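Asks: Just one file: query_10.csv, with CSV, C-alpha atoms.
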chain,number,residue,atom,x,y,z
A,1,SER,CA,10.1,-64.0,67.5
A,2,PRO,CA,11.4,-67.0,69.5
A,3,ARG,CA,8.3,-66.7,71.7
A,4,THR,CA,5.8,-67.1,68.9
A,5,GLU,CA,7.6,-69.1,66.2
A,6,PRO,CA,9.2,-72.5,66.4
A,7,TRP,CA,13.0,-72.7,66.5
A,8,SER,CA,15.8,-75.2,67.3
A,9,VAL,CA,18.9,-75.4,69.4
A,10,LYS,CA,21.9,-77.8,69.6
A,11,LEU,CA,24.0,-77.9,72.7
A,12,THR,CA,27.3,-79.3,73.9
A,13,GLY,CA,27.4,-80.1,77.6
A,14,GLY,CA,25.4,-82.5,79.6
A,15,PRO,CA,22.1,-82.1,81.4
A,16,ASP,CA,24.0,-82.7,84.7
A,17,GLY,CA,26.3,-79.7,84.0
A,18,ASP,CA,25.7,-76.3,85.5
A,19,VAL,CA,25.7,-74.4,82.2
A,20,ALA,CA,23.9,-76.9,79.9
A,21,GLY,CA,21.5,-78.1,82.6
A,22,ASN,CA,20.4,-74.6,83.6
A,23,MET,CA,20.2,-73.7,79.9
A,24,LEU,CA,17.7,-76.4,79.4
A,25,GLN,CA,15.6,-75.0,82.3
A,26,ILE,CA,15.8,-71.5,80.9
A,27,LEU,CA,14.9,-72.5,77.4
A,28,HIS,CA,11.9,-74.5,78.7
A,29,ARG,CA,10.7,-71.7,81.1
A,30,GLU,CA,11.0,-68.9,78.6
A,31,TYR,CA,10.0,-70.5,75.3
A,32,GLY,CA,8.1,-73.7,76.1
A,33,ASP,CA,7.2,-75.8,73.2
A,34,LYS,CA,8.4,-73.2,70.7
A,35,VAL,CA,12.0,-74.4,71.2
A,36,ARG,CA,13.3,-77.8,70.2
A,37,ILE,CA,16.6,-79.3,71.3
A,38,VAL,CA,17.7,-81.1,68.2
A,39,GLY,CA,21.1,-82.2,69.3
A,40,MET,CA,23.0,-82.6,72.6
A,41,ALA,CA,26.4,-84.1,73.4
A,42,ASP,CA,28.3,-84.6,76.6
A,43,GLY,CA,31.1,-86.8,77.9
A,44,SER,CA,28.9,-89.8,77.9
A,45,GLY,CA,27.3,-89.7,74.5
A,46,CYS,CA,25.1,-87.9,72.0
A,47,ALA,CA,21.4,-87.5,71.5
A,48,GLU,CA,19.8,-86.2,68.2
A,49,ASP,CA,16.3,-85.7,66.9
A,50,PRO,CA,15.2,-83.2,64.2
A,51,ALA,CA,11.7,-83.3,65.8
A,52,GLY,CA,13.2,-82.4,69.2
A,53,LEU,CA,14.5,-84.4,72.1
A,54,PRO,CA,12.0,-85.0,74.9
A,55,MET,CA,12.3,-81.9,77.1
A,56,ALA,CA,10.7,-83.6,80.1
A,57,GLU,CA,13.3,-86.4,80.0
A,58,LEU,CA,16.2,-83.9,79.6
A,59,LEU,CA,14.9,-82.0,82.6
A,60,ARG,CA,14.6,-85.2,84.6
A,61,LEU,CA,18.3,-85.9,83.9
A,62,PHE,CA,19.1,-82.3,85.1
A,63,GLU,CA,17.1,-82.7,88.3
A,64,GLN,CA,18.7,-86.0,89.1
A,65,SER,CA,22.2,-84.9,88.0
A,66,LEU,CA,22.5,-87.7,85.4
A,67,PRO,CA,24.5,-87.6,82.1
A,68,LEU,CA,23.0,-87.9,78.7
A,69,SER,CA,23.6,-91.6,78.5
A,70,ALA,CA,21.0,-92.1,81.2
A,71,LEU,CA,18.3,-90.8,78.8
A,72,ASP,CA,15.3,-93.2,78.5
A,73,ARG,CA,15.4,-94.3,74.9
A,74,ALA,CA,11.7,-95.1,75.1
A,75,ALA,CA,11.0,-91.4,75.4
A,76,LEU,CA,12.6,-90.7,72.0
A,77,SER,CA,10.5,-90.1,68.9
A,78,PRO,CA,10.9,-92.5,66.0
A,79,SER,CA,13.5,-90.1,64.5
A,80,GLY,CA,15.4,-89.8,67.7
A,81,LEU,CA,18.8,-91.4,68.3
A,82,LEU,CA,21.0,-91.9,71.4
A,83,THR,CA,24.5,-93.2,71.1
A,84,THR,CA,27.1,-93.6,73.8
A,85,VAL,CA,30.9,-93.1,73.7
A,86,ASP,CA,31.6,-96.7,74.6
A,87,THR,CA,30.9,-97.5,70.9
A,88,GLU,CA,32.9,-96.3,67.9
A,89,GLU,CA,29.7,-94.9,66.4
A,90,GLY,CA,28.8,-93.0,69.6
A,91,PHE,CA,32.3,-91.7,70.0
A,92,HIS,CA,32.4,-90.1,66.6
A,93,ALA,CA,28.8,-88.9,66.9
A,94,ARG,CA,29.5,-87.1,70.1
A,95,ASN,CA,32.7,-85.4,68.8
A,96,SER,CA,30.9,-84.2,65.6
A,97,MET,CA,27.4,-83.4,66.8
A,98,HIS,CA,28.2,-79.6,67.0
A,99,ASN,CA,29.2,-79.6,63.4
A,100,ARG,CA,26.7,-82.1,61.8
A,101,VAL,CA,23.4,-81.3,63.4
A,102,VAL,CA,21.5,-78.4,61.7
A,103,ALA,CA,19.8,-75.9,64.1
A,104,ASP,CA,18.8,-72.3,64.3
A,105,ALA,CA,21.2,-71.7,67.2
A,106,PHE,CA,24.3,-73.5,68.6
A,107,ILE,CA,25.1,-73.0,72.3
A,108,PRO,CA,28.4,-74.4,73.5
A,109,ALA,CA,27.6,-75.1,77.1
A,110,GLY,CA,30.4,-77.5,77.8
A,111,GLY,CA,33.0,-79.5,75.9
A,112,ARG,CA,36.7,-79.1,75.2
A,113,PRO,CA,38.3,-75.7,74.7
A,114,SER,CA,39.2,-74.9,71.1
A,115,ALA,CA,36.8,-77.6,69.8
A,116,ILE,CA,36.3,-75.2,66.8
A,117,ASN,CA,39.6,-73.8,65.9
A,118,GLY,CA,41.7,-72.4,63.0
A,119,SER,CA,42.3,-75.8,61.4
A,120,ASN,CA,38.8,-77.3,61.6
A,121,TRP,CA,36.3,-74.4,61.4
A,122,ARG,CA,35.2,-75.4,57.9
A,123,ASP,CA,33.6,-78.5,59.5
A,124,PHE,CA,30.9,-76.2,60.9
A,125,LEU,CA,29.8,-75.5,57.3
A,126,LEU,CA,27.3,-77.5,55.3
A,127,PRO,CA,28.1,-78.7,51.8
A,128,ASP,CA,26.5,-75.6,50.3
A,129,GLY,CA,28.8,-73.4,52.4
A,130,THR,CA,26.2,-72.1,54.9
A,131,PRO,CA,26.8,-72.6,58.6
A,132,SER,CA,25.0,-75.5,60.4
A,133,ALA,CA,23.6,-72.9,62.8
A,134,LYS,CA,22.5,-69.4,62.2
A,135,VAL,CA,24.1,-68.1,65.4
A,136,ILE,CA,26.6,-69.3,68.0
A,137,VAL,CA,26.0,-68.1,71.6
A,138,GLU,CA,29.1,-69.1,73.7
A,139,GLY,CA,27.7,-70.3,77.0
A,140,ALA,CA,31.0,-72.1,77.6
A,141,ASN,CA,34.3,-70.3,77.6
A,142,LEU,CA,36.9,-70.9,74.8
A,143,PHE,CA,34.9,-73.5,72.8
A,144,VAL,CA,35.6,-71.4,69.6
A,145,THR,CA,39.0,-69.9,69.2
A,146,PRO,CA,39.5,-66.3,68.0
A,147,GLU,CA,40.9,-67.6,64.7
A,148,ALA,CA,37.8,-69.7,64.1
A,149,ARG,CA,35.5,-66.8,65.0
A,150,GLN,CA,37.2,-64.5,62.5
A,151,ALA,CA,37.3,-67.2,59.8
A,152,LEU,CA,33.6,-68.0,60.1
A,153,PHE,CA,32.7,-64.3,60.0
A,154,GLU,CA,34.8,-63.7,56.9
A,155,GLU,CA,33.5,-66.9,55.2
A,156,CYS,CA,29.7,-66.7,55.9
A,157,GLY,CA,29.1,-63.7,58.2
A,158,LEU,CA,28.2,-66.0,61.1
A,159,PRO,CA,27.1,-64.0,64.1
A,160,ILE,CA,28.8,-65.2,67.3
A,161,ILE,CA,28.0,-63.9,70.8
A,162,LYS,CA,31.3,-64.1,72.5
A,163,ASP,CA,31.7,-65.9,75.8
A,164,SER,CA,32.5,-62.7,77.8
A,165,SER,CA,29.2,-61.2,76.8
A,166,ALA,CA,27.1,-64.4,77.0
A,167,ASN,CA,28.5,-65.3,80.4
A,168,LYS,CA,28.4,-61.8,82.0
A,169,CYS,CA,25.2,-62.3,83.9
A,170,GLY,CA,26.7,-65.2,85.8
A,171,VAL,CA,29.4,-62.9,87.1
A,172,ILE,CA,26.9,-60.2,88.0
A,173,CYS,CA,24.7,-62.8,89.7
A,174,SER,CA,27.6,-64.0,91.8
A,175,SER,CA,28.4,-60.4,92.8
A,176,LEU,CA,24.8,-59.8,93.9
A,177,GLU,CA,24.8,-63.1,95.8
A,178,ILE,CA,28.0,-62.1,97.6
A,179,ALA,CA,26.6,-58.7,98.5
A,180,ALA,CA,23.5,-60.3,100.1
A,181,SER,CA,25.6,-62.8,102.0
A,182,ILE,CA,27.8,-60.0,103.4
A,183,VAL,CA,24.8,-57.9,104.6
A,184,LEU,CA,22.5,-60.7,105.8
A,185,GLU,CA,22.6,-63.5,108.3
A,186,ARG,CA,21.8,-67.0,107.0
A,187,ASP,CA,18.2,-66.9,108.3
A,188,GLU,CA,17.6,-63.4,106.9
A,189,PHE,CA,18.9,-64.5,103.5
A,190,VAL,CA,16.6,-67.5,103.5
A,191,ALA,CA,13.6,-65.3,104.4
A,192,LEU,CA,14.5,-62.7,101.7
A,193,LYS,CA,15.3,-65.3,99.0
A,194,PRO,CA,11.7,-65.6,97.5
A,195,ALA,CA,11.7,-61.9,96.8
A,196,TYR,CA,15.4,-61.4,96.1
A,197,VAL,CA,15.9,-64.0,93.4
A,198,PRO,CA,13.2,-62.7,91.1
A,199,ALA,CA,14.5,-59.2,91.5
A,200,VAL,CA,18.1,-60.4,90.7
A,201,VAL,CA,16.7,-62.2,87.6
A,202,ASP,CA,14.9,-59.0,86.5
A,203,ARG,CA,18.2,-57.1,86.9
A,204,LEU,CA,20.1,-59.6,84.9
A,205,ARG,CA,17.6,-59.5,82.1
A,206,ALA,CA,17.8,-55.7,82.0
A,207,LEU,CA,21.6,-55.7,81.9
A,208,ALA,CA,21.7,-58.5,79.3
A,209,ARG,CA,19.3,-56.6,77.1
A,210,LEU,CA,21.3,-53.4,77.5
A,211,GLU,CA,24.6,-55.1,76.5
A,212,ALA,CA,22.9,-57.0,73.6
A,213,SER,CA,21.3,-53.8,72.3
A,214,ARG,CA,24.6,-51.9,72.5
A,215,ILE,CA,26.5,-54.6,70.6
A,216,MET,CA,23.8,-54.9,67.9
A,217,ALA,CA,23.6,-51.1,67.5
A,218,GLU,CA,27.4,-51.0,67.0
A,219,SER,CA,27.1,-53.8,64.5
A,220,ARG,CA,24.6,-51.9,62.5
A,221,LEU,CA,27.0,-48.9,62.4
A,222,ARG,CA,30.0,-51.1,61.7
A,223,PRO,CA,28.8,-54.2,59.9
A,224,HIS,CA,32.3,-55.1,58.8
A,225,VAL,CA,33.4,-55.7,62.4
A,226,PRO,CA,32.6,-59.2,63.8
A,227,LEU,CA,30.4,-59.3,67.0
A,228,PRO,CA,33.2,-60.8,69.2
A,229,LYS,CA,35.4,-57.8,68.4
A,230,LEU,CA,32.6,-55.4,69.3
A,231,SER,CA,32.1,-57.4,72.5
A,232,GLU,CA,35.8,-57.0,73.4
A,233,GLN,CA,35.7,-53.3,72.7
A,234,LEU,CA,32.6,-52.9,74.9
A,235,SER,CA,34.2,-54.8,77.7
A,236,LEU,CA,37.3,-52.6,77.5
A,237,ALA,CA,35.2,-49.4,77.5
A,238,ILE,CA,33.4,-50.7,80.6
A,239,LEU,CA,36.7,-51.5,82.4
A,240,ARG,CA,38.1,-48.0,81.5
A,241,VAL,CA,35.0,-46.3,82.9
A,242,THR,CA,35.0,-48.5,86.0
A,243,ASN,CA,38.7,-47.8,86.7
A,244,ALA,CA,38.3,-44.1,86.1
A,245,ALA,CA,35.2,-44.0,88.4
A,246,ALA,CA,37.0,-46.0,91.1
A,247,ASP,CA,40.0,-43.6,91.0
A,248,ALA,CA,37.8,-40.6,91.3
A,249,LEU,CA,35.7,-42.0,94.1
A,250,GLU,CA,38.8,-43.0,96.0
A,251,SER,CA,39.7,-39.3,96.3
A,252,LEU,CA,36.3,-38.2,97.5
A,253,GLU,CA,35.8,-37.1,101.1
A,254,PRO,CA,33.3,-39.1,103.1
A,255,GLU,CA,30.7,-36.3,103.0
A,256,ARG,CA,30.8,-36.2,99.2
A,257,LYS,CA,30.6,-40.0,99.1
A,258,GLU,CA,27.4,-39.9,101.1
A,259,ARG,CA,25.8,-37.8,98.4
A,260,LEU,CA,26.2,-40.8,96.1
A,261,TRP,CA,24.0,-43.0,98.3
A,262,PRO,CA,20.9,-42.7,96.0
A,263,LEU,CA,22.9,-44.6,93.4
A,264,MET,CA,23.0,-47.6,95.7
A,265,ARG,CA,19.2,-47.9,95.3
A,266,GLU,CA,19.7,-48.3,91.5
A,267,HIS,CA,22.6,-50.8,92.0
A,268,LEU,CA,21.1,-53.2,94.5
A,269,PRO,CA,17.8,-55.2,93.9
A,270,ALA,CA,15.0,-53.4,95.7
A,271,PRO,CA,14.2,-56.2,98.2
A,272,LEU,CA,17.7,-56.1,99.7
A,273,PHE,CA,18.0,-52.3,99.7
A,274,ASP,CA,14.5,-51.5,101.0
A,275,ALA,CA,14.7,-53.9,103.9
A,276,TYR,CA,18.3,-53.4,105.0
A,277,SER,CA,19.5,-50.0,103.7
A,278,THR,CA,20.5,-48.9,107.2
A,279,ARG,CA,22.8,-51.9,107.5
A,280,ILE,CA,24.2,-51.8,103.9
A,281,ALA,CA,26.3,-48.6,104.4
A,282,GLU,CA,28.2,-50.2,107.3
A,283,ALA,CA,28.3,-53.8,106.3
A,284,LEU,CA,29.0,-53.6,102.6
A,285,PRO,CA,32.6,-52.7,101.5
A,286,TRP,CA,32.8,-49.5,99.4
A,287,GLU,CA,33.8,-51.5,96.4
A,288,TYR,CA,30.4,-53.1,96.3
A,289,GLN,CA,28.7,-49.8,96.9
Could I get this structure in the form of structure tokens?

Replies:
Amino acid sequence: SPRTEPWSVKLTGGPDGDVAGNMLQILHREYGDKVRIVGMADGSGCAEDPAGLPMAELLRLFEQSLPLSALDRAALSPSGLLTTVDTEEGFHARNSMHNRVVADAFIPAGGRPSAINGSNWRDFLLPDGTPSAKVIVEGANLFVTPEARQALFEECGLPIIKDSSANKCGVICSSLEIAASIVLERDEFVALKPAYVPAVVDRLRALARLEASRIMAESRLRPHVPLPKLSEQLSLAILRVTNAAADALESLEPERKERLWPLMREHLPAPLFDAYSTRIAEALPWEYQ
């Protein structure tokens, strides 16, 4: 279990980036000292340490919106190394970190699209043919091309959580934020925020767990199908159901639509619904309901 046993992560993307920076916060909040960041690379440089980079220092960079090159070298352990792209060594270290550094998980949370592609995917493998990470979770879009995903699955069975599944909670979070902003005035949102944000996070966790469990259940039934393909099939199924439901609801008379109101309580986080249910029906467009 990642909460009880030590494990390691390598990331692309800087501590000052939205995806990588928030990933650092989430990893620290959820797993504490059980997780080690053993490699990180951004536009400014590359930091590596098999013993784990100093989390407090990485979080300082995040809070101050500073790139990796601003990391205090004095905070590194004796096995730690920081190189910057203004040197040839740092340039090559930055561009190869995601392949070289060995970790339990690799999270692309920034970097160039197609960094791992059909022509270079073998660079992600160690000399013995095993992958340099046991799983890839695509926090950033398009870091790994479809050809590379398929090749890595065929070569070593590498599980890859596709970007569309790994990023889905960000889209849902934005939708719930927009719903609240439509219903509430600014001062009302500020007052509700301490209760609303934890409720949104709970909803995101539940939905992420639901998607992950569905994909993994399908993988157990069809182990010959790579996870990204299962993710695509699940997304298409969700879209088909959404479109069919939208078409059916469009033809409903207002009285019959009102009978569906109890579903809104399940859809919206409780702090918003319980406090403003009388306003939601009028203020929130039907598409959000």

Asks: CA of Phe106 in chain A to CA of Val9 in chain A: how many Å, to one decimal?

Replies: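 Separating CA of Phe106 in chain A from CA of Val9 in chain A is a distance of 5.8 Å.
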
Asks: Rounded to one decimal place, report the CA of Asp104 in chain A-CA of Thr87 in chain A distance in Å.

Replies: 28.7 Å

Asks: Mind checking which residues fall within 8 Å of Asn141 in chain A, counting all atoms listed in the file, ignoring those fewer than 6 positions away in the same chain, and posting them as a ChimeraX atom specification?

Replies: /A:113,163-164

Asks: Would you kindly return, as a ChimeraX atom specification, each protein, DNA or RNA residue with an atom no farther than 7 Å from any atom of Pro159 in chain A, considering only C-alpha atoms and excluding same-chain residues fewer than 4 positions away?

Replies: /A:135-136,153,227

Asks: With distances taken over only C-alpha atoms, which of A:Gly39, A:Pro223, A:Gly90, A:Pro54 is nearest to Ala75 in chain A?

Replies: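 Of A:Gly39, A:Pro223, A:Gly90, A:Pro54, the one nearest Ala75 in chain A, counting only C-alpha atoms, is A:Pro54.
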
Asks: Find the residues around Gly32 in chain A up to 10 Å (all atoms listed in the file counted), leave out those fewer than 5 positions away in its own chain, and share them as a ChimeraX atom specification.

Replies: /A:2-3,6,25-27,55

Asks: Measuring atom to atom with all atoms listed in the file, identify which of A:Asp33, A:Glu177, A:Glu253, A:Glu232 is nearest to Val200 in chain A.

Replies: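 Between A:Asp33, A:Glu177, A:Glu253, A:Glu232, the residue approaching Val200 in chain A most closely is A:Glu177.
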
Asks: Of the candidates A:Gly129, A:Pro67, A:Pro15, A:Pro146, which shows the shortest atom-to-atom distance to Val85 in chain A, using all atoms listed in the file?

Replies: A:Pro67

Asks: For Arg214 in chain A, which residue out of A:Ala20, A:Ser165, A:Ala191, A:Glu147 is the nearest one, using all atoms listed in the file?

Replies: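 Nearest to Arg214 in chain A: A:Ser165.
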
Asks: So what do you get for CA of Ser119 in chain A versus CA of Ala148 in chain A, distance-wise?

Replies: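 These atoms are spaced 8.0 Å apart.
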
Asks: Every residue with an atom at most 9 Å from (28.2, -87.6, 71.3) (file coordinates; all atoms listed in the file) is what I'm after, so could you write them as a list in words?

Replies: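 Using all atoms listed in the file, the matching residues come out as Thr12, Met40, Ala41, Asp42, Gly43, Ser44, Gly45, Cys46, Ala47, Leu82, Thr83, Thr84, Val85, Glu89, Gly90, Phe91, His92, Ala93, Arg94, Asn95, Ser96 and Met97 of chain A.
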
Asks: Once you have the residues from the selection above, write them out as a PDB file, keeping the file's coordinate frame, restricted to C-alpha atoms.

Replies:
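This went into part_19.pdb:
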ATOM      1  CA  THR A  12      27.300 -79.300  73.900  1.00  0.00           C
ATOM      2  CA  MET A  40      23.000 -82.600  72.600  1.00  0.00           C
ATOM      3  CA  ALA A  41      26.400 -84.100  73.400  1.00  0.00           C
ATOM      4  CA  ASP A  42      28.300 -84.600  76.600  1.00  0.00           C
ATOM      5  CA  GLY A  43      31.100 -86.800  77.900  1.00  0.00           C
ATOM      6  CA  SER A  44      28.900 -89.800  77.900  1.00  0.00           C
ATOM      7  CA  GLY A  45      27.300 -89.700  74.500  1.00  0.00           C
ATOM      8  CA  CYS A  46      25.100 -87.900  72.000  1.00  0.00           C
ATOM      9  CA  ALA A  47      21.400 -87.500  71.500  1.00  0.00           C
ATOM     10  CA  LEU A  82      21.000 -91.900  71.400  1.00  0.00           C
ATOM     11  CA  THR A  83      24.500 -93.200  71.100  1.00  0.00           C
ATOM     12  CA  THR A  84      27.100 -93.600  73.800  1.00  0.00           C
ATOM     13  CA  VAL A  85      30.900 -93.100  73.700  1.00  0.00           C
ATOM     14  CA  GLU A  89      29.700 -94.900  66.400  1.00  0.00           C
ATOM     15  CA  GLY A  90      28.800 -93.000  69.600  1.00  0.00           C
ATOM     16  CA  PHE A  91      32.300 -91.700  70.000  1.00  0.00           C
ATOM     17  CA  HIS A  92      32.400 -90.100  66.600  1.00  0.00           C
ATOM     18  CA  ALA A  93      28.800 -88.900  66.900  1.00  0.00           C
ATOM     19  CA  ARG A  94      29.500 -87.100  70.100  1.00  0.00           C
ATOM     20  CA  ASN A  95      32.700 -85.400  68.800  1.00  0.00           C
ATOM     21  CA  SER A  96      30.900 -84.200  65.600  1.00  0.00           C
ATOM     22  CA  MET A  97      27.400 -83.400  66.800  1.00  0.00           C
TER      23      MET A  97
END

Asks: Using all atoms listed in the file, I'd like a table of the residues in range 176-242 of chain A that come within 7 Å of range 257-275 of chain A; for each, show the closest atom pair and its distance in Å rounded to one decimal, ordered by chain and ascending number, as CSV.

Replies:
residue,atom,partner,partner_atom,distance
A:Ala195,CA,A:Pro271,CA,6.4
A:Tyr196,CA,A:Pro271,CA,5.7
A:Ala199,CA,A:Pro269,CA,5.7
A:Val200,CA,A:Pro269,CA,6.1

Asks: Please determine the residues with any atom at most 12 Å from (25.2, -76.9, 85.9) (coordinates as given in the file, with all atoms listed in the file counting) and report them as a tab-separated table (two decimals) with C-alpha atoms, in the frame of the given file.

Replies:
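Result file result.tsv:
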chain	number	residue	atom	x	y	z
A	13	GLY	CA	27.40	-80.10	77.60
A	14	GLY	CA	25.40	-82.50	79.60
A	15	PRO	CA	22.10	-82.10	81.40
A	16	ASP	CA	24.00	-82.70	84.70
A	17	GLY	CA	26.30	-79.70	84.00
A	18	ASP	CA	25.70	-76.30	85.50
A	19	VAL	CA	25.70	-74.40	82.20
A	20	ALA	CA	23.90	-76.90	79.90
A	21	GLY	CA	21.50	-78.10	82.60
A	22	ASN	CA	20.40	-74.60	83.60
A	23	MET	CA	20.20	-73.70	79.90
A	24	LEU	CA	17.70	-76.40	79.40
A	25	GLN	CA	15.60	-75.00	82.30
A	26	ILE	CA	15.80	-71.50	80.90
A	59	LEU	CA	14.90	-82.00	82.60
A	61	LEU	CA	18.30	-85.90	83.90
A	62	PHE	CA	19.10	-82.30	85.10
A	63	GLU	CA	17.10	-82.70	88.30
A	64	GLN	CA	18.70	-86.00	89.10
A	65	SER	CA	22.20	-84.90	88.00
A	66	LEU	CA	22.50	-87.70	85.40
A	67	PRO	CA	24.50	-87.60	82.10
A	109	ALA	CA	27.60	-75.10	77.10
A	110	GLY	CA	30.40	-77.50	77.80
A	139	GLY	CA	27.70	-70.30	77.00
A	140	ALA	CA	31.00	-72.10	77.60
A	170	GLY	CA	26.70	-65.20	85.80

Asks: So, counting only C-alpha atoms, which residue among A:Ala133, A:Ala103, A:Ala115, A:Ala212 is closest to Gly157 in chain A?

Replies: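 Looking only at the distances to Gly157 in chain A, the closest residue turns out to be A:Ala133.
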
Asks: Select, from A:Lys168, A:Arg240, A:Arg256, A:Arg122, the residue with the minimum atom-to-atom distance to Ala208 in chain A, counting all atoms listed in the file.

Replies: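 Between A:Lys168, A:Arg240, A:Arg256, A:Arg122, the residue approaching Ala208 in chain A most closely is A:Lys168.
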
Asks: Hey, what's within 10 Å of Glu154 in chain A if we count only C-alpha atoms and toss same-chain stuff fewer than 5 positions away? As a PDB file with C-alpha atoms, in the frame of the given file, please?

Replies:
ATOM      1  CA  ALA A 148      37.800 -69.700  64.100  1.00  0.00           C
ATOM      2  CA  ARG A 149      35.500 -66.800  65.000  1.00  0.00           C
ATOM      3  CA  HIS A 224      32.300 -55.100  58.800  1.00  0.00           C
ATOM      4  CA  VAL A 225      33.400 -55.700  62.400  1.00  0.00           C
ATOM      5  CA  PRO A 226      32.600 -59.200  63.800  1.00  0.00           C
TER       6      PRO A 226
END
